[in-house]
file query_9.csv (CSV, C-alpha atoms)
chain,number,residue,atom,x,y,z
E,1,MET,CA,103.3,23.0,130.9
E,2,SER,CA,103.7,26.4,132.4
E,3,GLY,CA,107.1,26.7,134.1
E,4,HIS,CA,108.2,23.2,133.2
E,5,SER,CA,111.5,24.1,131.5
E,6,HIS,CA,112.4,26.4,134.4
E,7,TRP,CA,111.5,23.7,136.9
E,8,ALA,CA,113.6,21.2,135.0
E,9,THR,CA,116.6,23.6,135.0
E,10,ILE,CA,116.3,24.1,138.8
E,11,LYS,CA,116.3,20.3,139.3
E,12,ARG,CA,119.3,19.9,137.2
E,13,LYS,CA,121.2,22.5,139.1
E,14,LYS,CA,120.2,21.1,142.5
E,15,GLY,CA,120.9,17.5,141.3
E,16,ALA,CA,117.4,16.5,142.5
E,17,ALA,CA,116.6,14.5,139.4
E,18,ASP,CA,118.7,11.3,139.0
E,19,ALA,CA,121.4,12.7,141.3
E,20,LYS,CA,123.3,9.4,141.0
E,21,ARG,CA,124.5,8.6,137.5
E,22,GLY,CA,123.8,4.9,138.0
E,23,ALA,CA,120.1,5.6,138.7
E,24,ALA,CA,119.9,7.7,135.6
E,25,PHE,CA,121.4,5.0,133.5
E,26,THR,CA,119.1,2.4,135.0
E,27,ARG,CA,116.0,4.4,133.9
E,28,LEU,CA,117.4,5.1,130.4
E,29,ALA,CA,118.3,1.4,130.0
E,30,ARG,CA,114.9,0.2,131.0
E,31,GLU,CA,113.3,2.5,128.4
E,32,ILE,CA,115.5,1.1,125.7
E,33,VAL,CA,114.8,-2.5,126.8
E,34,MET,CA,111.0,-1.9,126.6
E,35,ALA,CA,111.3,-0.1,123.3
E,36,ALA,CA,113.3,-2.9,121.7
E,37,ARG,CA,111.0,-5.5,123.2
E,38,GLN,CA,108.0,-3.8,121.7
E,39,GLY,CA,109.2,-2.9,118.3
E,40,GLY,CA,112.5,-4.7,117.7
E,41,GLY,CA,116.1,-3.6,117.8
E,42,ASP,CA,116.4,-1.7,114.5
E,43,PRO,CA,116.0,2.1,115.0
E,44,ASP,CA,115.1,2.5,111.4
E,45,THR,CA,111.8,0.7,111.9
E,46,ASN,CA,111.2,1.4,115.6
E,47,PHE,CA,110.4,5.0,116.4
E,48,ARG,CA,110.1,4.5,120.1
E,49,LEU,CA,113.6,3.0,120.2
E,50,VAL,CA,114.9,6.1,118.4
E,51,LEU,CA,113.5,8.3,121.2
E,52,ALA,CA,115.0,6.1,123.9
E,53,ILE,CA,118.4,6.1,122.3
E,54,GLU,CA,118.3,9.9,121.8
E,55,LYS,CA,117.4,10.4,125.5
E,56,ALA,CA,120.2,8.0,126.5
E,57,ARG,CA,122.8,9.8,124.4
E,58,ALA,CA,121.6,13.2,125.8
E,59,GLY,CA,122.2,11.6,129.3
E,60,ASN,CA,125.8,10.7,128.3
E,61,MET,CA,125.0,7.0,128.5
E,62,PRO,CA,127.9,5.0,127.0
E,63,LYS,CA,127.4,3.3,123.6
E,64,ASP,CA,128.1,-0.1,125.0
E,65,ASN,CA,125.4,0.3,127.6
E,66,ILE,CA,122.9,1.3,124.9
E,67,GLU,CA,123.8,-1.7,122.8
E,68,ARG,CA,123.5,-4.1,125.8
E,69,ALA,CA,120.0,-2.7,126.6
E,70,ILE,CA,118.9,-3.2,123.0
E,71,LYS,CA,120.1,-6.8,123.1
E,72,ARG,CA,118.3,-7.4,126.4
E,73,GLY,CA,115.1,-6.0,124.8
E,74,THR,CA,115.3,-8.2,121.7
E,75,GLY,CA,116.2,-11.3,123.8
E,76,GLU,CA,119.8,-11.6,122.4
E,77,ALA,CA,121.1,-11.1,126.0
E,78,LYS,CA,119.5,-12.5,129.1
E,79,ASP,CA,119.6,-10.9,132.5
E,80,GLY,CA,116.9,-12.8,134.4
E,81,ASN,CA,114.6,-9.8,134.9
E,82,VAL,CA,111.2,-9.6,133.2
E,83,PHE,CA,110.0,-6.0,133.1
E,84,GLU,CA,106.6,-4.6,132.4
E,85,GLU,CA,105.3,-1.1,132.0
E,86,LEU,CA,102.7,0.5,134.3
E,87,THR,CA,101.1,3.9,134.2
E,88,LEU,CA,99.6,4.5,137.6
E,89,GLU,CA,97.3,7.4,138.6
E,90,GLY,CA,96.9,9.3,141.8
E,91,TYR,CA,95.7,12.5,143.5
E,92,GLY,CA,98.3,14.6,145.2
E,93,PRO,CA,97.6,17.2,147.9
E,94,HIS,CA,95.2,20.1,147.2
E,95,GLY,CA,93.4,18.3,144.5
E,96,SER,CA,96.4,17.9,142.2
E,97,ALA,CA,96.4,15.1,139.6
E,98,LEU,CA,99.4,12.9,138.9
E,99,MET,CA,100.3,10.2,136.3
E,100,VAL,CA,103.3,8.0,137.0
E,101,ASP,CA,105.0,6.0,134.3
E,102,CYS,CA,106.9,3.0,135.7
E,103,VAL,CA,109.0,0.0,134.5
E,104,THR,CA,109.1,-2.8,137.0
E,105,ASP,CA,110.0,-6.4,137.5
E,106,ASN,CA,107.6,-6.6,140.5
E,107,ARG,CA,104.2,-4.9,140.1
E,108,ASN,CA,103.2,-5.4,143.7
E,109,ARG,CA,106.3,-3.8,145.1
E,110,THR,CA,105.9,-0.8,142.8
E,111,ILE,CA,102.3,-0.2,143.7
E,112,ALA,CA,103.1,-0.5,147.4
E,113,GLU,CA,105.9,2.0,147.1
E,114,LEU,CA,103.8,4.5,145.2
E,115,ARG,CA,100.9,4.1,147.6
E,116,HIS,CA,103.2,4.8,150.5
E,117,ALA,CA,104.6,7.9,148.9
E,118,PHE,CA,101.2,9.3,148.0
E,119,SER,CA,99.9,8.7,151.5
E,120,LYS,CA,103.0,10.3,153.1
E,121,PHE,CA,102.4,13.6,151.3
E,122,GLY,CA,98.7,13.8,151.7
E,123,GLY,CA,97.6,12.1,148.5
E,124,ASN,CA,96.2,8.7,147.4
E,125,MET,CA,96.3,6.3,144.5
E,126,ALA,CA,93.4,6.4,142.0
E,127,GLU,CA,91.6,3.8,140.0
E,128,PRO,CA,92.6,3.4,136.3
E,129,GLY,CA,91.0,6.2,134.2
E,130,ALA,CA,90.1,8.3,137.2
E,131,VAL,CA,92.9,10.8,136.5
E,132,GLY,CA,94.1,9.8,133.0
E,133,TRP,CA,91.3,11.6,131.2
E,134,GLN,CA,92.8,14.9,132.3
E,135,PHE,CA,95.9,14.4,130.2
E,136,ASP,CA,96.9,14.0,126.6
E,137,ARG,CA,100.1,12.3,125.4
E,138,LYS,CA,102.1,14.8,123.3
E,139,ALA,CA,105.5,15.3,121.7
E,140,TYR,CA,107.5,17.8,123.8
E,141,PHE,CA,110.7,19.7,123.2
E,142,SER,CA,112.5,22.4,125.2
E,143,PHE,CA,115.7,24.2,124.2
E,144,PRO,CA,117.6,27.4,125.0
E,145,SER,CA,116.3,30.4,123.1
E,146,SER,CA,119.9,31.3,122.4
E,147,GLN,CA,120.0,28.4,120.0
E,148,LEU,CA,116.9,29.5,118.1
E,149,SER,CA,114.7,32.5,118.7
E,150,PHE,CA,111.1,32.1,119.6
E,151,GLU,CA,110.0,33.8,116.3
E,152,LYS,CA,112.1,31.4,114.2
E,153,ALA,CA,111.0,28.4,116.3
E,154,PHE,CA,107.4,29.4,115.9
E,155,ASP,CA,107.6,29.5,112.1
E,156,MET,CA,109.5,26.2,112.1
E,157,GLY,CA,107.0,24.6,114.5
E,158,VAL,CA,104.0,25.6,112.3
E,159,VAL,CA,105.6,24.0,109.3
E,160,ALA,CA,106.6,20.8,111.2
E,161,GLY,CA,103.1,20.3,112.5
E,162,ALA,CA,103.4,21.5,116.1
E,163,ASP,CA,100.3,22.4,118.2
E,164,ASP,CA,101.9,25.1,120.2
E,165,VAL,CA,105.2,27.0,120.6
E,166,LEU,CA,105.8,28.7,123.9
E,167,ASP,CA,108.2,31.5,124.8
E,168,ALA,CA,109.5,30.5,128.3
E,169,GLY,CA,112.0,33.3,128.6
E,170,GLU,CA,115.5,31.7,128.4
E,171,SER,CA,114.0,28.7,126.7
E,172,VAL,CA,111.5,27.8,124.0
E,173,GLU,CA,109.0,24.9,124.3
E,174,ILE,CA,107.4,23.1,121.4
E,175,ILE,CA,104.3,20.8,121.9
E,176,GLY,CA,102.7,18.8,119.2
E,177,PRO,CA,100.9,15.5,118.4
E,178,VAL,CA,102.8,12.3,118.9
E,179,ASP,CA,103.1,11.6,115.2
E,180,ALA,CA,104.8,15.0,114.7
E,181,PHE,CA,107.7,14.1,117.0
E,182,LYS,CA,110.1,13.0,114.2
E,183,THR,CA,109.2,15.9,112.0
E,184,VAL,CA,109.9,18.5,114.7
E,185,SER,CA,113.0,16.6,115.8
E,186,ASP,CA,114.4,16.6,112.3
E,187,ALA,CA,113.6,20.3,111.8
E,188,LEU,CA,115.4,21.2,115.1
E,189,HIS,CA,118.4,19.1,114.1
E,190,GLN,CA,118.6,20.8,110.7
E,191,ALA,CA,118.5,24.1,112.5
E,192,GLY,CA,121.4,23.1,114.7
E,193,VAL,CA,119.3,22.9,117.9
E,194,THR,CA,120.1,20.4,120.7
E,195,PRO,CA,117.1,20.2,123.0
E,196,ASP,CA,117.6,20.1,126.8
E,197,ASP,CA,114.5,17.9,127.0
E,198,SER,CA,112.5,16.0,124.5
E,199,GLY,CA,110.2,13.1,124.4
E,200,LEU,CA,106.6,12.0,124.7
E,201,ARG,CA,104.9,13.5,127.7
E,202,LEU,CA,101.5,13.4,129.4
E,203,ILE,CA,100.4,17.0,129.4
E,204,ALA,CA,97.4,18.3,131.4
E,205,LYS,CA,94.4,19.6,129.4
E,206,GLN,CA,93.9,22.2,132.1
E,207,GLU,CA,96.4,23.4,134.7
E,208,LEU,CA,95.5,23.7,138.4
E,209,GLU,CA,96.4,27.0,140.0
E,210,LEU,CA,97.6,26.8,143.6
E,211,ASP,CA,99.3,29.2,146.0
E,212,THR,CA,103.0,28.9,146.5
E,213,GLU,CA,103.0,26.8,149.7
E,214,SER,CA,100.5,24.3,148.2
E,215,THR,CA,102.5,24.1,144.9
E,216,LEU,CA,105.6,23.3,146.9
E,217,SER,CA,103.8,20.5,148.8
E,218,VAL,CA,102.9,18.9,145.5
E,219,LEU,CA,106.5,19.2,144.2
E,220,LYS,CA,107.7,17.4,147.4
E,221,LEU,CA,105.4,14.5,146.5
E,222,ILE,CA,106.8,14.5,142.9
E,223,ASP,CA,110.4,14.5,144.2
E,224,SER,CA,109.6,11.5,146.4
E,225,LEU,CA,108.0,9.6,143.5
E,226,GLU,CA,111.0,10.3,141.2
E,227,GLU,CA,113.4,8.9,143.8
E,228,LEU,CA,111.8,5.5,143.5
E,229,ASP,CA,113.8,3.0,141.4
E,230,ASP,CA,110.8,1.8,139.3
E,231,VAL,CA,109.6,5.3,138.3
E,232,GLN,CA,110.4,6.6,134.9
E,233,ASP,CA,108.4,9.8,134.7
E,234,VAL,CA,105.9,11.8,136.8
E,235,PHE,CA,103.4,14.1,135.1
E,236,HIS,CA,101.1,16.6,136.9
E,237,ASN,CA,98.5,19.3,136.3
E,238,VAL,CA,99.8,22.0,138.6
E,239,LYS,CA,100.7,25.4,137.1
E,240,LEU,CA,104.2,26.3,138.3
E,241,SER,CA,104.1,30.0,139.0
E,242,GLU,CA,107.2,32.2,139.1
E,243,GLU,CA,106.7,32.7,142.8
E,244,ALA,CA,106.7,29.0,143.5
E,245,LEU,CA,109.7,28.4,141.2
E,246,ALA,CA,111.6,31.2,143.0
E,247,ALA,CA,110.8,29.7,146.4
E,248,LEU,CA,112.0,26.3,145.1
E,249,GLU,CA,115.2,27.7,143.7
E,250,ALA,CA,115.9,29.5,147.0
E,251,ALA,CA,115.2,26.4,149.2
call {"tool": "encode", "arguments": {"input": "query_9.csv", "output": "structure tokens"}}
result
Amino acid sequence: MSGHSHWATIKRKKGAADAKRGAAFTRLAREIVMAARQGGGDPDTNFRLVLAIEKARAGNMPKDNIERAIKRGTGEAKDGNVFEELTLEGYGPHGSALMVDCVTDNRNRTIAELRHAFSKFGGNMAEPGAVGWQFDRKAYFSFPSSQLSFEKAFDMGVVAGADDVLDAGESVEIIGPVDAFKTVSDALHQAGVTPDDSGLRLIAKQELELDTESTLSVLKLIDSLEELDDVQDVFHNVKLSEEALAALEAA
């Protein structure tokens, strides 16, 4: 996860991630729909729905939009689209590994669009399992260190069951097992902390170190993938060095 929070900050400043509010709301709504379909529309009994609603609220999604998405997921409201979830795998340039979470109403279209993006930037799609073994799904939080110091966050994380607490300069990152998400989230809430980023992420077991130019070529592929309507999240195994992040920020 090296450099992730800094990278996310750069993308927010540049407007590179979900530059159009409508695109952001579409992604958030689809996540809510899938969560409600899988576990029902009651957040008290559906942990995944809680995560989706929290992310939607953090993205300033209106309450009415959230409620409509829940009803679409439970079948109370019909919209004619039948969505499914896909996690697709691929190799980017310079031996990088990528995992792409998608929600789509047309599997063939989604796969074709991803295949084109990978090919355009010197990568290729991979068979199921070829890349996935390099990642673990984890609970992830990032928040400004001005809200809670690294030392206090470390102590809180240990008590809440986190695997790791990282000092990322102006921010703090907490990583833990999936089943520790609620415990850590509740602890942060009690401490008055509002995360900039939180959710379940695929985190590489081992990061790949590349030079600055090679790192930027991988990030171009990731940006291209994130622009696709059916893509929810893109995860990778590249270590984001300070040099690469500085070059990205200056671009």
call {"tool": "closest_atom_pairs", "arguments": {"input": "query_9.csv", "of": "region 25-103 of chain E", "to": "region 117-128 of chain E", "cutoff": "9 Å", "atoms": "all atoms listed in the file", "output": "tab-separated table"}}
result
residue	atom	partner	partner_atom	distance
E:Thr87	CA	E:Pro128	CA	8.8
E:Leu88	CA	E:Pro128	CA	7.2
E:Glu89	CA	E:Ala126	CA	5.3
E:Gly90	CA	E:Met125	CA	4.1
E:Tyr91	CA	E:Gly123	CA	5.4
E:Gly92	CA	E:Gly123	CA	4.2
E:Pro93	CA	E:Gly123	CA	5.1
E:His94	CA	E:Gly123	CA	8.5
E:Gly95	CA	E:Gly123	CA	8.5
E:Ser96	CA	E:Gly123	CA	8.6
call {"tool": "write_last_selection", "arguments": {"input": "query_9.csv", "atoms": "C-alpha atoms", "output": "mmCIF file, keeping the file's coordinate frame"}}
result
data_model
loop_
_atom_site.group_PDB
_atom_site.id
_atom_site.type_symbol
_atom_site.label_atom_id
_atom_site.label_comp_id
_atom_site.auth_asym_id
_atom_site.auth_seq_id
_atom_site.Cartn_x
_atom_site.Cartn_y
_atom_site.Cartn_z
ATOM 1 C CA THR E 87 101.100 3.900 134.200
ATOM 2 C CA LEU E 88 99.600 4.500 137.600
ATOM 3 C CA GLU E 89 97.300 7.400 138.600
ATOM 4 C CA GLY E 90 96.900 9.300 141.800
ATOM 5 C CA TYR E 91 95.700 12.500 143.500
ATOM 6 C CA GLY E 92 98.300 14.600 145.200
ATOM 7 C CA PRO E 93 97.600 17.200 147.900
ATOM 8 C CA HIS E 94 95.200 20.100 147.200
ATOM 9 C CA GLY E 95 93.400 18.300 144.500
ATOM 10 C CA SER E 96 96.400 17.900 142.200
#
call {"tool": "atom_distance", "arguments": {"input": "query_9.csv", "atom1": "CA of Lys78 (chain E)", "atom2": "CA of Val103 (chain E)"}}
result
17.2 Å
call {"tool": "atom_distance", "arguments": {"input": "query_9.csv", "atom1": "CA of Ala180 (chain E)", "atom2": "CA of Lys138 (chain E)"}}
result
9.0 Å
call {"tool": "residues_near_point", "arguments": {"input": "query_9.csv", "point": "(112.6, 1.2, 134.4)", "cutoff": "8 Å", "atoms": "all atoms listed in the file", "output": "mmCIF file with C-alpha atoms, keeping the file's coordinate frame"}}
result
data_model
loop_
_atom_site.group_PDB
_atom_site.id
_atom_site.type_symbol
_atom_site.label_atom_id
_atom_site.label_comp_id
_atom_site.auth_asym_id
_atom_site.auth_seq_id
_atom_site.Cartn_x
_atom_site.Cartn_y
_atom_site.Cartn_z
ATOM 1 C CA THR E 26 119.100 2.400 135.000
ATOM 2 C CA ARG E 27 116.000 4.400 133.900
ATOM 3 C CA LEU E 28 117.400 5.100 130.400
ATOM 4 C CA ALA E 29 118.300 1.400 130.000
ATOM 5 C CA ARG E 30 114.900 0.200 131.000
ATOM 6 C CA GLU E 31 113.300 2.500 128.400
ATOM 7 C CA PHE E 83 110.000 -6.000 133.100
ATOM 8 C CA CYS E 102 106.900 3.000 135.700
ATOM 9 C CA VAL E 103 109.000 0.000 134.500
ATOM 10 C CA THR E 104 109.100 -2.800 137.000
ATOM 11 C CA ASP E 229 113.800 3.000 141.400
ATOM 12 C CA ASP E 230 110.800 1.800 139.300
ATOM 13 C CA VAL E 231 109.600 5.300 138.300
ATOM 14 C CA GLN E 232 110.400 6.600 134.900
#
call {"tool": "closest_residue", "arguments": {"input": "query_9.csv", "among": "E:His236, E:Arg107, E:Arg37, E:Lys63", "to": "Thr215 (chain E)", "atoms": "all atoms listed in the file"}}
result
E:His236
call {"tool": "closest_residue", "arguments": {"input": "query_9.csv", "among": "E:Ser224, E:His6, E:Arg68, E:Asp163", "to": "Pro144 (chain E)", "atoms": "only C-alpha atoms"}}
result
E:His6
call {"tool": "closest_residue", "arguments": {"input": "query_9.csv", "among": "E:Gly132, E:Gly192, E:Pro177, E:Gly157", "to": "Phe235 (chain E)", "atoms": "all atoms listed in the file"}}
result
E:Gly132
call {"tool": "residues_around", "arguments": {"input": "query_9.csv", "residues": "Val158 (chain E)", "least_positions_apart": "4", "cutoff": "12 Å", "atoms": "only C-alpha atoms", "output": "JSON, numbers by chain"}}
result
{"E": [151, 152, 153, 154, 162, 163, 164, 165, 174, 175, 176, 180, 183, 184, 187]}
call {"tool": "write_last_selection", "arguments": {"input": "query_9.csv", "atoms": "C-alpha atoms", "output": "PDB file, in the frame of the given file"}}
result
ATOM      1  CA  GLU E 151     110.000  33.800 116.300  1.00  0.00           C
ATOM      2  CA  LYS E 152     112.100  31.400 114.200  1.00  0.00           C
ATOM      3  CA  ALA E 153     111.000  28.400 116.300  1.00  0.00           C
ATOM      4  CA  PHE E 154     107.400  29.400 115.900  1.00  0.00           C
ATOM      5  CA  ALA E 162     103.400  21.500 116.100  1.00  0.00           C
ATOM      6  CA  ASP E 163     100.300  22.400 118.200  1.00  0.00           C
ATOM      7  CA  ASP E 164     101.900  25.100 120.200  1.00  0.00           C
ATOM      8  CA  VAL E 165     105.200  27.000 120.600  1.00  0.00           C
ATOM      9  CA  ILE E 174     107.400  23.100 121.400  1.00  0.00           C
ATOM     10  CA  ILE E 175     104.300  20.800 121.900  1.00  0.00           C
ATOM     11  CA  GLY E 176     102.700  18.800 119.200  1.00  0.00           C
ATOM     12  CA  ALA E 180     104.800  15.000 114.700  1.00  0.00           C
ATOM     13  CA  THR E 183     109.200  15.900 112.000  1.00  0.00           C
ATOM     14  CA  VAL E 184     109.900  18.500 114.700  1.00  0.00           C
ATOM     15  CA  ALA E 187     113.600  20.300 111.800  1.00  0.00           C
TER      16      ALA E 187
END
call {"tool": "closest_residue", "arguments": {"input": "query_9.csv", "among": "E:Leu219, E:Ala244, E:Ala52, E:Ile66", "to": "Leu200 (chain E)", "atoms": "only C-alpha atoms"}}
result
E:Ala52
call {"tool": "closest_residue", "arguments": {"input": "query_9.csv", "among": "E:Glu170, E:Leu98, E:Leu148, E:Gln38", "to": "Val131 (chain E)", "atoms": "all atoms listed in the file"}}
result
E:Leu98
call {"tool": "residues_around", "arguments": {"input": "query_9.csv", "residues": "Ala36 (chain E)", "least_positions_apart": "3", "cutoff": "9 Å", "atoms": "only C-alpha atoms", "output": "PyMOL selection string"}}
result
chain E and resi 31-33+39-43+46+48-49+69-74
call {"tool": "atom_distance", "arguments": {"input": "query_9.csv", "atom1": "CA of Leu225 (chain E)", "atom2": "CA of Asp101 (chain E)"}}
result
10.3 Å
call {"tool": "residues_near_point", "arguments": {"input": "query_9.csv", "point": "(97.4, 17.8, 129.7)", "cutoff": "12 Å", "atoms": "all atoms listed in the file", "output": "VMD selection string"}}
result
chain E and resid 1 to 2 97 to 99 131 to 140 175 to 176 200 to 208 235 to 239
call {"tool": "closest_residue", "arguments": {"input": "query_9.csv", "among": "E:Asp211, E:Ile222, E:His189, E:Met34", "to": "Leu86 (chain E)", "atoms": "all atoms listed in the file"}}
result
E:Met34
